[in-house]
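A quick write-up on the structure given underneath.
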2 protein chains.
Amino acid sequence: MALPGYLLGDLWERPSFVKEVLAAQEELKSWTRGSSIAIAFGGLGVDEHKTGEDGRIRKYIAFYLVQNGEYIGPENGPYPFSIKTLLPNYREFDDGRHFCRASRLAEELDISVKDLIAPHTLSVRGKEWSLGPLLCEDSWSQDYSLDPTSILVEKGIDILLNLSSSPFTKGKSERRDRLFKAQAVQGDCPIFYCNATGIQNNGKTIYTFDGDSCVYNRSGERAQELPLFEQGATTVDLGSLPKPVNKSVDDMEVLYKAIRFGTASFLEQTGISKVVIGASGGIDSALVAAIYADILPRESLLLINMPSRFNTSTTVNAAKDLAKRLGCLYGSVEIESSVNLTQQQLDGFVVKTESGEPLELELKLSSFVMENVQARDRSGRILAAISAAFGGAFTCNANKSETSVGYSTLYGDHAGFLANISDLWKGEVYGLSKYMNEKKGREIIPQSILDVKPTAELSDQQNPEQNQGDPFFYPYHDALFRCWVEDWNRKSPEEVLESYMNGDLAQWFDLEETVLLELFPTDEDFVNDLERWWRCYAGMGVAKRIQAPPILAVSRRAYGFDQRDSQTKVLWTKAYLELKEKLLFKG
Amino acid sequence: MALPGYLLGDLWERPSFVKEVLAAQEELKSWTRGSSIAIAFGGLGVDEHKTGEDGRIRKYIAFYLVQNGEYIGPENGPYPFSIKTLLPNYREFDDGRHFCRASRLAEELDISVKDLIAPHTLSVRGKEWSLGPLLCEDSWSQDYSLDPTSILVEKGIDILLNLSSSPFTKGKSERRDRLFKAQAVQGDCPIFYCNATGIQNNGKTIYTFDGDSCVYNRSGERAQELPLFEQGATTVDLGSLPKPVNKSVDDMEVLYKAIRFGTASFLEQTGISKVVIGASGGIDSALVAAIYADILPRESLLLINMPSRFNTSTTVNAAKDLAKRLGCLYGSVEIESSVNLTQQQLDGFVVKTESGEPLELELKLSSFVMENVQARDRSGRILAAISAAFGGAFTCNANKSETSVGYSTLYGDHAGFLANISDLWKGEVYGLSKYMNEKKGREIIPQSILDVKPTAELSDQQNPEQNQGDPFFYPYHDALFRCWVEDWNRKSPEEVLESYMNGDLAQWFDLEETVLLELFPTDEDFVNDLERWWRCYAGMGVAKRIQAPPILAVSRRAYGFDQRDSQTKVLWTKAYLELKEKLLFKG
């Protein structure tokens, strides 16, 4: 999908867009006329005489080979292009929504899908090359009933060529290397892997495409490669492939590249060139600020600290110190007067009926309500107005731990134009912050921010100077929330409680055995904590995620269009309730 | 999916949930032991020895028949249940994400899918009945390569039985009647149609299930039926089916039922029992208030009017009058003091750098920024705090016309816990408001609200008493936005401009020929308006919809999980640009 892009929501349903894409492909093809260059590209295949299962014009994800202004189709194929055979339908992928399956075409033609998978023959200077066409998922066949690579190898190919729109995920590059190594050896041929760069989104979730294009030699080693997260071109001489690349990967470096690239690309795509960040003096907003400072000129980045009487000098000073270290614009706007005005206006406010039997009610703003009033005053009032006046947009600094359980205020700290660290667990936020300081060779994020206890500072009970912090012990709670979201077979309180009762939970969560005992002196403490957060995760957390800003995805499971939520009643399985009964009322 | 529900996001990925569902089905089955009642139900089929294309345990959407504590499977089937054959993958449907296709199983067993489609034989009092199992989409085969009904009819059945989780859409019931009429005649047999009631959601979009279960006789007429949007039970005597039901449908009545039912069910499901509505004196909030007043007791509904200096006495009085007519609680909170405070604090606010070469910038709040400040003050400050103090939540009153082009303020009037009229075009908002007054036999929505010019009243230029309203002529703009969203082959400016140039746009949009000339004196006016709204629809409109509250779906295409957006650069096709060139620069 080199020309149109791939994750485009329902744009594919517009005939005018389909026409536009086909015209662009024709133009690309025409460029090869009179040239010695042949082009293989992923694109859109259309059969205007057939329809898809949605009743619209039949569309395929297509592998094209063009030379001398002509399409070179697969051997004995019904179309001048090959068809993507494996259509993924998990995570953010939903190919079958717009594109027709090879199996349906095979059925119509009364042939086998295997007959549709065939090499394209390319003549170069009198020599014929048999190219094995693969589109992205086609090479990842382990869970499908068909393996396109084996079929192509059987039919005899000189080169396997995988054209991909494969979004970046932590650790995927290594998995891909292992996969293609086996396939190169199996086919005794080199594999060209050519992947998209850039970002694409499905509304709620932004994906980065890391490129990482490379050539694997017959032994499956990376012989030549293009840089990560950059467009590029290279010439490959199959007669003398260079010696294998010794790829050494620093996970934190790659993660940072992905986030920086995704953030910068999103700014470019949406035309946002100025950014405002609410800087609390805590770690999340500090990391977000450091990332934007690495992208934007200093005059385009504005940090705003918004203290109330609950904010300590520790964090207020840290926010200013951060701005100083980043060199960007800074301002401090107090929220006390506005929050007081809201309290005066609404605390004790009387509402009444205007007809029928008289009814009257006096409204009271509890301290919990006032916490949220503060958070909304900061984002919904100040940051929204300042960013508009500044000519830009303001960020959402929520991390994945908070996003999981809705530990944030809607229209408050949950707001923003992009949530670029919402797919990082709190532990990763610290890790990436330390990495940035190391990379820059100085404390761009002040040590005081790395050291201070994380807290929202919305009440007297959240004073970091008195070591009062968020109600999380992150090494434990990150692991807990992670298994609910990122495990392929996603866990629930049932499996967690079972593991706790079996005595292997610390091992599962990679914690010291003593940690659980310190955190939860009694079984009841353990259960209460587990139920508290499950209720948040499956309850208000969902409602808040539905209205969250787009999230930049880097993990194997990001919220939004990847891990899809439904607002349901919070479910406690019978098995969970029985385990709990057994644990707490065993006597 | 009678027990678990159907549209459940990615809940299906939890092994604990799958286990829970299977256990509940076993229990249901056990209830038939020693009873004379057999039960057919839609549920979850699992093959724990196989996996799906997502690598997780193999799941099917399954048709079960149980009698005497035993499953009665289909003839010669591999499982004790039948499998849903047609898996829809359009609109909100995405069956293939979690459930395995019959074609994959057929391939593994080396048989044809047709062999998997077979009757279940039920013995009742010595007589054998051949039941044709159909699950929802199975009966809607027109765009698929396979028609399960024909296969069952060929194999010989006495009754077709379609178990559905089919969400309500305007006009779907009539389409279904036509469809089943043809199939009953084709099979010369009665059809039992049994559909779910209730609501389900995929996060962004809430669907109502209207039940509407009925029995079609051999001639395809509705012989017996259950009420809309209600659970129910009835006994059908096949020996003497009653005379056909004469179904007379009032579209507005059904639409109102859907919205009322969906809203009430969502309140119940989320545990929200008190609701606050920002009542502007305009038609949208008035309709929303009238709907909630029809659901909640008067002491649980609170209308808040929030005037500024821009609000006219016309709308302020209308809001109070509305509360009087509905008998609910009411209060008025001015926003002037808070908006002034924001202006004082931020207009002229100076931000500067804290290190390096000194940079300083004075922020100015333009009148446009101040419009959004007002909208956010109302929702993000007042309604959010008041609804929390009231112990409830506040509504989003946006209609579909506004939602299409983002004519609303994020964290302002775009906020709320549910957008229950966001799938109604402005014209439908008026229609439904008039219907409610007629139904109640009195003006529960004051005539003044039906008569006043729609406007946001956020500036001196939006004074309804001076006939200054929103920048829409709704009969035209509703039709324009509708063709971008609801046409199955969705339109773009290209087709609209082409139709305008061909002189058949008025006919297409069902308008008087003179309307276009009055609206757009010159071709340039037409193009400017078209481009203005397309830019909004495809640009900021998308960004705002991503953070919108859940939308209650009633149309054939609702925003959210149904019509899926992607944030991209606003696309002008080459064909559009050429048409425009031809129109405007023809000389």
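So you can find residues: chains in the structure tokens are A, B, ... in the order shown, residues in each start at 1, and ligands are numbered from 1 in order.
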
Do you know which residues are at most 6 Å from range 56-71 of chain A counting only C-alpha atoms, after dropping those on the same chain fewer than 4 positions away, and could you put them as a list of chain:residue names?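 Within the cut-off, the hits are A:Lys29, A:Ser30, A:Thr32, A:Arg33, A:Gly34, A:Ala38, A:Ile39, A:Ala40, A:Phe41, A:Gly42, A:Gly43, A:Leu44, A:Gly45, A:Val46, A:Asp47, A:Glu48, A:Lys50, A:Thr51, A:Gly52, A:Pro80, A:Phe81, A:Ser82, A:Ile83, A:Lys84, A:Phe99, A:Cys100.
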
Writing out the chosen residues with C-alpha atoms as an mmCIF file, in the first residue's frame:
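Result saved to part-v8.cif:
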data_model
loop_
_atom_site.group_PDB
_atom_site.id
_atom_site.type_symbol
_atom_site.label_atom_id
_atom_site.label_comp_id
_atom_site.auth_asym_id
_atom_site.auth_seq_id
_atom_site.Cartn_x
_atom_site.Cartn_y
_atom_site.Cartn_z
ATOM 1 C CA LYS A 29 3.491 2.283 -14.020
ATOM 2 C CA SER A 30 3.889 4.760 -16.866
ATOM 3 C CA THR A 32 8.800 2.719 -16.116
ATOM 4 C CA ARG A 33 8.178 3.149 -19.842
ATOM 5 C CA GLY A 34 11.499 3.464 -21.636
ATOM 6 C CA ALA A 38 11.229 -2.313 -12.909
ATOM 7 C CA ILE A 39 9.173 -1.481 -9.830
ATOM 8 C CA ALA A 40 7.525 -3.846 -7.398
ATOM 9 C CA PHE A 41 5.009 -2.158 -5.126
ATOM 10 C CA GLY A 42 2.110 -2.946 -2.844
ATOM 11 C CA GLY A 43 -1.138 -1.345 -3.894
ATOM 12 C CA LEU A 44 -4.820 -1.643 -4.502
ATOM 13 C CA GLY A 45 -6.273 -4.250 -6.848
ATOM 14 C CA VAL A 46 -9.820 -3.744 -8.081
ATOM 15 C CA ASP A 47 -12.225 -5.981 -9.981
ATOM 16 C CA GLU A 48 -15.019 -3.709 -11.088
ATOM 17 C CA LYS A 50 -17.355 -8.181 -8.830
ATOM 18 C CA THR A 51 -18.354 -7.036 -5.365
ATOM 19 C CA GLY A 52 -17.011 -7.743 -1.902
ATOM 20 C CA PRO A 80 -2.209 -8.487 -13.511
ATOM 21 C CA PHE A 81 -1.353 -8.504 -9.797
ATOM 22 C CA SER A 82 -0.955 -11.008 -6.967
ATOM 23 C CA ILE A 83 -3.387 -11.008 -4.068
ATOM 24 C CA LYS A 84 -2.566 -10.829 -0.377
ATOM 25 C CA PHE A 99 -10.445 -6.332 1.011
ATOM 26 C CA CYS A 100 -11.496 -9.600 -0.552
#

Could you please tell me, as a PDB file with N, CA and C atoms, in the first residue's frame, which residues of chain B have an atom within 6 Å of chain A when using only C-alpha atoms?
ATOM      1  N   LEU B   8     -18.898  -7.152  22.241  1.00  0.00           N
ATOM      2  CA  LEU B   8     -18.288  -7.034  23.567  1.00  0.00           C
ATOM      3  C   LEU B   8     -16.840  -6.590  23.505  1.00  0.00           C
ATOM      4  N   GLY B   9     -16.477  -5.885  22.429  1.00  0.00           N
ATOM      5  CA  GLY B   9     -15.081  -5.499  22.304  1.00  0.00           C
ATOM      6  C   GLY B   9     -14.216  -6.746  22.290  1.00  0.00           C
ATOM      7  N   ASP B  10     -13.077  -6.692  22.965  1.00  0.00           N
ATOM      8  CA  ASP B  10     -12.134  -7.815  22.943  1.00  0.00           C
ATOM      9  C   ASP B  10     -12.240  -8.702  24.180  1.00  0.00           C
ATOM     10  N   GLU B  13     -11.179 -12.391  24.313  1.00  0.00           N
ATOM     11  CA  GLU B  13      -9.780 -12.843  24.402  1.00  0.00           C
ATOM     12  C   GLU B  13      -9.417 -13.333  25.797  1.00  0.00           C
ATOM     13  N   ARG B  14     -10.343 -13.211  26.752  1.00  0.00           N
ATOM     14  CA  ARG B  14     -10.054 -13.653  28.119  1.00  0.00           C
ATOM     15  C   ARG B  14     -10.482 -15.106  28.291  1.00  0.00           C
ATOM     16  N   GLU B  53      -7.248 -17.877  13.798  1.00  0.00           N
ATOM     17  CA  GLU B  53      -6.198 -17.179  13.051  1.00  0.00           C
ATOM     18  C   GLU B  53      -5.473 -16.167  13.931  1.00  0.00           C
ATOM     19  N   GLY B  55      -4.390 -17.172  16.817  1.00  0.00           N
ATOM     20  CA  GLY B  55      -3.545 -18.022  17.654  1.00  0.00           C
ATOM     21  C   GLY B  55      -4.189 -18.389  18.980  1.00  0.00           C
ATOM     22  N   ASN B  89     -18.512  -8.313   8.167  1.00  0.00           N
ATOM     23  CA  ASN B  89     -17.328  -7.513   8.455  1.00  0.00           C
ATOM     24  C   ASN B  89     -17.506  -6.137   7.835  1.00  0.00           C
ATOM     25  N   TYR B  90     -18.526  -5.448   8.289  1.00  0.00           N
ATOM     26  CA  TYR B  90     -18.796  -4.081   7.835  1.00  0.00           C
ATOM     27  C   TYR B  90     -19.517  -3.384   8.989  1.00  0.00           C
ATOM     28  N   ARG B  97     -12.903 -11.355  13.746  1.00  0.00           N
ATOM     29  CA  ARG B  97     -11.845 -10.999  14.706  1.00  0.00           C
ATOM     30  C   ARG B  97     -11.726 -12.048  15.807  1.00  0.00           C
ATOM     31  N   ASP B 143     -24.692 -10.744  -0.603  1.00  0.00           N
ATOM     32  CA  ASP B 143     -23.356 -10.360  -1.056  1.00  0.00           C
ATOM     33  C   ASP B 143     -22.302 -11.449  -0.818  1.00  0.00           C
ATOM     34  N   TYR B 144     -22.756 -12.623  -0.390  1.00  0.00           N
ATOM     35  CA  TYR B 144     -21.817 -13.714  -0.117  1.00  0.00           C
ATOM     36  C   TYR B 144     -21.882 -14.752  -1.233  1.00  0.00           C
ATOM     37  N   ASN B 201     -22.425  -2.409  23.137  1.00  0.00           N
ATOM     38  CA  ASN B 201     -21.612  -1.312  22.606  1.00  0.00           C
ATOM     39  C   ASN B 201     -20.225  -1.797  22.249  1.00  0.00           C
ATOM     40  N   ASN B 202     -19.625  -1.028  21.361  1.00  0.00           N
ATOM     41  CA  ASN B 202     -18.211  -1.235  21.076  1.00  0.00           C
ATOM     42  C   ASN B 202     -17.451   0.016  21.468  1.00  0.00           C
ATOM     43  N   GLY B 203     -17.679   0.441  22.672  1.00  0.00           N
ATOM     44  CA  GLY B 203     -16.977   1.619  23.176  1.00  0.00           C
ATOM     45  C   GLY B 203     -17.567   2.906  22.637  1.00  0.00           C
ATOM     46  N   LYS B 324     -39.888  24.187  33.463  1.00  0.00           N
ATOM     47  CA  LYS B 324     -41.229  24.293  34.055  1.00  0.00           C
ATOM     48  C   LYS B 324     -42.146  23.243  33.435  1.00  0.00           C
ATOM     49  N   GLY B 327     -41.128  19.862  34.582  1.00  0.00           N
ATOM     50  CA  GLY B 327     -41.307  19.669  36.025  1.00  0.00           C
ATOM     51  C   GLY B 327     -40.046  19.271  36.766  1.00  0.00           C
ATOM     52  N   CYS B 328     -38.905  19.353  36.101  1.00  0.00           N
ATOM     53  CA  CYS B 328     -37.653  18.878  36.703  1.00  0.00           C
ATOM     54  C   CYS B 328     -36.936  20.001  37.450  1.00  0.00           C
ATOM     55  N   LEU B 329     -35.811  19.673  38.055  1.00  0.00           N
ATOM     56  CA  LEU B 329     -35.021  20.665  38.772  1.00  0.00           C
ATOM     57  C   LEU B 329     -34.339  21.611  37.776  1.00  0.00           C
ATOM     58  N   TYR B 330     -34.091  22.821  38.247  1.00  0.00           N
ATOM     59  CA  TYR B 330     -33.544  23.856  37.367  1.00  0.00           C
ATOM     60  C   TYR B 330     -32.659  24.792  38.167  1.00  0.00           C
ATOM     61  N   GLY B 331     -31.630  25.292  37.518  1.00  0.00           N
ATOM     62  CA  GLY B 331     -30.797  26.318  38.128  1.00  0.00           C
ATOM     63  C   GLY B 331     -30.127  27.147  37.047  1.00  0.00           C
ATOM     64  N   VAL B 351       4.831  34.849  28.558  1.00  0.00           N
ATOM     65  CA  VAL B 351       5.646  33.656  28.808  1.00  0.00           C
ATOM     66  C   VAL B 351       7.052  33.949  28.317  1.00  0.00           C
ATOM     67  N   LYS B 352       8.045  33.334  28.981  1.00  0.00           N
ATOM     68  CA  LYS B 352       9.413  33.607  28.543  1.00  0.00           C
ATOM     69  C   LYS B 352      10.334  32.425  28.815  1.00  0.00           C
ATOM     70  N   THR B 353      11.474  32.471  28.186  1.00  0.00           N
ATOM     71  CA  THR B 353      12.438  31.404  28.403  1.00  0.00           C
ATOM     72  C   THR B 353      13.173  31.642  29.721  1.00  0.00           C
ATOM     73  N   GLU B 354      13.694  30.548  30.288  1.00  0.00           N
ATOM     74  CA  GLU B 354      14.373  30.620  31.578  1.00  0.00           C
ATOM     75  C   GLU B 354      15.879  30.436  31.437  1.00  0.00           C
ATOM     76  N   SER B 355      16.317  30.222  30.194  1.00  0.00           N
ATOM     77  CA  SER B 355      17.765  30.060  29.977  1.00  0.00           C
ATOM     78  C   SER B 355      18.072  30.411  28.523  1.00  0.00           C
ATOM     79  N   LEU B 363       0.671  36.561  25.197  1.00  0.00           N
ATOM     80  CA  LEU B 363      -0.442  35.811  24.599  1.00  0.00           C
ATOM     81  C   LEU B 363      -1.686  36.690  24.490  1.00  0.00           C
ATOM     82  N   LYS B 364      -2.380  36.589  23.383  1.00  0.00           N
ATOM     83  CA  LYS B 364      -3.628  37.329  23.187  1.00  0.00           C
ATOM     84  C   LYS B 364      -4.769  36.338  22.968  1.00  0.00           C
ATOM     85  N   LEU B 365      -5.876  36.551  23.655  1.00  0.00           N
ATOM     86  CA  LEU B 365      -7.047  35.701  23.451  1.00  0.00           C
ATOM     87  C   LEU B 365      -7.981  36.370  22.441  1.00  0.00           C
ATOM     88  N   ALA B 389     -21.567  16.877  41.986  1.00  0.00           N
ATOM     89  CA  ALA B 389     -22.223  17.239  43.253  1.00  0.00           C
ATOM     90  C   ALA B 389     -23.644  16.665  43.323  1.00  0.00           C
ATOM     91  N   TYR B 411     -14.169  19.396  25.012  1.00  0.00           N
ATOM     92  CA  TYR B 411     -14.197  19.647  26.451  1.00  0.00           C
ATOM     93  C   TYR B 411     -15.229  20.724  26.787  1.00  0.00           C
ATOM     94  N   ASN B 489     -21.910   3.693  -0.892  1.00  0.00           N
ATOM     95  CA  ASN B 489     -20.683   4.127  -1.561  1.00  0.00           C
ATOM     96  C   ASN B 489     -20.540   5.612  -1.269  1.00  0.00           C
ATOM     97  N   ARG B 490     -19.744   5.890  -0.262  1.00  0.00           N
ATOM     98  CA  ARG B 490     -19.753   7.239   0.314  1.00  0.00           C
ATOM     99  C   ARG B 490     -19.223   8.288  -0.649  1.00  0.00           C
ATOM    100  N   GLN B 547     -12.451  12.062  20.310  1.00  0.00           N
ATOM    101  CA  GLN B 547     -12.595  12.295  21.747  1.00  0.00           C
ATOM    102  C   GLN B 547     -14.052  12.510  22.160  1.00  0.00           C
ATOM    103  N   ALA B 548     -14.968  12.165  21.271  1.00  0.00           N
ATOM    104  CA  ALA B 548     -16.397  12.362  21.568  1.00  0.00           C
ATOM    105  C   ALA B 548     -16.890  11.309  22.553  1.00  0.00           C
ATOM    106  N   PRO B 549     -17.980  11.613  23.233  1.00  0.00           N
ATOM    107  CA  PRO B 549     -18.638  10.609  24.079  1.00  0.00           C
ATOM    108  C   PRO B 549     -19.209   9.492  23.207  1.00  0.00           C
ATOM    109  N   ARG B 564     -15.715   4.417  10.599  1.00  0.00           N
ATOM    110  CA  ARG B 564     -14.432   4.566  11.295  1.00  0.00           C
ATOM    111  C   ARG B 564     -13.576   5.647  10.656  1.00  0.00           C
ATOM    112  N   ASP B 565     -13.147   6.568  11.482  1.00  0.00           N
ATOM    113  CA  ASP B 565     -12.349   7.687  11.014  1.00  0.00           C
ATOM    114  C   ASP B 565     -10.865   7.405  11.128  1.00  0.00           C
ATOM    115  N   SER B 566     -10.117   8.098  10.295  1.00  0.00           N
ATOM    116  CA  SER B 566      -8.666   8.126  10.411  1.00  0.00           C
ATOM    117  C   SER B 566      -8.268   9.586  10.252  1.00  0.00           C
ATOM    118  N   GLN B 567      -7.341  10.060  11.077  1.00  0.00           N
ATOM    119  CA  GLN B 567      -6.875  11.442  10.923  1.00  0.00           C
ATOM    120  C   GLN B 567      -5.867  11.491   9.786  1.00  0.00           C
TER     121      GLN B 567
END

Strand (DSSP E or B) residues, from DSSP on the backbone, in range 225-355 of chain B, as an NGL selection string: :B and (225 or 228 or 275-278 or 301-305 or 329-332 or 350-353)

Counting only C-alpha atoms, what is within 9 Å of Ile291 in chain A, bar same-chain residues fewer than 6 positions away, as JSON, numbers by chain? {"A": [256, 259, 260, 263, 436]}

Would you mind exporting all heavy atoms of the selected residues as a JSON list (two decimals), in the first residue's frame?
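After the write, selection_0.json holds the following:
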[["chain", "number", "residue", "atom", "x", "y", "z"],
["A", 256, "TYR", "N", 12.76, 4.94, 22.04],
["A", 256, "TYR", "CA", 12.77, 6.39, 21.96],
["A", 256, "TYR", "C", 12.61, 6.87, 20.53],
["A", 256, "TYR", "O", 11.86, 7.81, 20.24],
["A", 256, "TYR", "CB", 14.05, 6.99, 22.59],
["A", 256, "TYR", "CG", 14.00, 8.49, 22.50],
["A", 256, "TYR", "CD1", 13.03, 9.19, 23.23],
["A", 256, "TYR", "CD2", 14.81, 9.20, 21.63],
["A", 256, "TYR", "CE1", 12.91, 10.56, 23.12],
["A", 256, "TYR", "CE2", 14.69, 10.58, 21.50],
["A", 256, "TYR", "CZ", 13.74, 11.25, 22.25],
["A", 256, "TYR", "OH", 13.59, 12.61, 22.12],
["A", 259, "ILE", "N", 8.97, 6.71, 19.53],
["A", 259, "ILE", "CA", 8.11, 7.75, 20.12],
["A", 259, "ILE", "C", 8.42, 9.12, 19.54],
["A", 259, "ILE", "O", 7.52, 9.89, 19.22],
["A", 259, "ILE", "CB", 8.25, 7.74, 21.66],
["A", 259, "ILE", "CG1", 7.64, 6.44, 22.20],
["A", 259, "ILE", "CG2", 7.57, 8.95, 22.28],
["A", 259, "ILE", "CD1", 7.70, 6.30, 23.69],
["A", 260, "ARG", "N", 9.69, 9.40, 19.37],
["A", 260, "ARG", "CA", 10.07, 10.68, 18.80],
["A", 260, "ARG", "C", 9.55, 10.80, 17.37],
["A", 260, "ARG", "O", 8.96, 11.79, 16.96],
["A", 260, "ARG", "CB", 11.60, 10.83, 18.82],
["A", 260, "ARG", "CG", 12.07, 12.21, 18.41],
["A", 260, "ARG", "CD", 13.58, 12.27, 18.19],
["A", 260, "ARG", "NE", 14.00, 13.61, 17.85],
["A", 260, "ARG", "CZ", 13.81, 14.16, 16.65],
["A", 260, "ARG", "NH1", 13.20, 13.49, 15.70],
["A", 260, "ARG", "NH2", 14.23, 15.41, 16.41],
["A", 263, "THR", "N", 5.69, 11.04, 17.28],
["A", 263, "THR", "CA", 5.24, 12.36, 17.74],
["A", 263, "THR", "C", 5.50, 13.42, 16.67],
["A", 263, "THR", "O", 4.62, 14.20, 16.33],
["A", 263, "THR", "CB", 5.96, 12.73, 19.05],
["A", 263, "THR", "OG1", 5.77, 11.69, 20.01],
["A", 263, "THR", "CG2", 5.44, 14.03, 19.61],
["A", 436, "MET", "N", 17.11, 9.28, 28.32],
["A", 436, "MET", "CA", 17.26, 10.59, 27.67],
["A", 436, "MET", "C", 18.36, 11.40, 28.33],
["A", 436, "MET", "O", 19.13, 12.08, 27.65],
["A", 436, "MET", "CB", 15.95, 11.35, 27.68],
["A", 436, "MET", "CG", 14.94, 10.73, 26.72],
["A", 436, "MET", "SD", 13.55, 11.84, 26.39],
["A", 436, "MET", "CE", 14.33, 13.04, 25.29]]

If you count only C-alpha atoms, which residues fall within 7 Å of Lys170 in chain A, apart from same-chain ones fewer than 2 positions away, as a VMD selection string? chain A and resid 168 172 255 554 to 556

Hey, what does DSSP flag as alpha helix (DSSP H) within range 338-587 of chain A? Can you give it to me as a ChimeraX atom specification? /A:338-346,367-376,384-390,400-405,426-440,447-451,474-485,493-502,505-508,513-519,523-538,540-546,574-584

Write out as a ChimeraX atom specification which residues come within 9 Å of range 450-452 of chain B when counting only C-alpha atoms, dropping same-chain ones fewer than 4 positions away. /B:282-283,314-315,430,433-434,445-446,464-465,467

Near Pro167 in chain A, counting only C-alpha atoms, which residues have an atom at most 6 Å away, once you skip same-chain residues fewer than 4 positions from it, shown as a CSV table (one decimal) with N, CA and C atoms, in the first residue's frame?
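Output saved as around-v7.csv:
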chain,number,residue,atom,x,y,z
A,207,TYR,N,-0.1,4.5,14.8
A,207,TYR,CA,1.0,3.5,14.6
A,207,TYR,C,2.2,4.1,13.8
A,208,THR,N,3.4,3.8,14.3
A,208,THR,CA,4.6,4.1,13.5
A,208,THR,C,5.0,3.0,12.7
A,209,PHE,N,5.5,3.3,11.5
A,209,PHE,CA,6.0,2.2,10.6
A,209,PHE,C,7.5,2.5,10.5

May I ask for the distance between CA of Glu457 in chain B and CA of Tyr537 in chain B, given in Å to one decimal place?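 Value for the CA of Glu457 in chain B-CA of Tyr537 in chain B distance: 22.3 Å.
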
Fewer than 2 positions away in the same chain doesn't count, so skip those; otherwise give me all residues within 6 Å of range 194-197 of chain A, counting only C-alpha atoms, as a PyMOL selection string. chain A and resi 163-165+209-211+213+229

Taking N, CA and C atoms for each residue, export the selection above as a CSV table (one decimal), in the first residue's frame.
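Everything below was put into part-v7.csv:
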chain,number,residue,atom,x,y,z
A,163,LEU,N,6.6,-7.2,0.6
A,163,LEU,CA,6.3,-5.8,0.7
A,163,LEU,C,5.3,-5.6,1.8
A,164,SER,N,5.7,-4.8,2.8
A,164,SER,CA,4.9,-4.7,4.0
A,164,SER,C,4.5,-3.3,4.4
A,165,SER,N,3.3,-3.3,5.1
A,165,SER,CA,3.0,-2.1,5.9
A,165,SER,C,2.8,-2.7,7.3
A,209,PHE,N,5.5,3.3,11.5
A,209,PHE,CA,6.0,2.2,10.6
A,209,PHE,C,7.5,2.5,10.5
A,210,ASP,N,8.3,1.5,10.9
A,210,ASP,CA,9.7,1.7,11.2
A,210,ASP,C,10.6,1.4,10.0
A,211,GLY,N,10.0,1.1,8.8
A,211,GLY,CA,10.8,0.8,7.7
A,211,GLY,C,11.6,-0.5,8.0
A,213,SER,N,13.7,-1.9,6.4
A,213,SER,CA,13.8,-2.7,5.2
A,213,SER,C,15.2,-3.3,5.1
A,229,PHE,N,13.0,4.0,10.8
A,229,PHE,CA,12.2,5.2,10.8
A,229,PHE,C,12.7,6.2,9.8

Separation of CA of Pro4 in chain B from CA of Val113 in chain B in Å: 26.5 Å
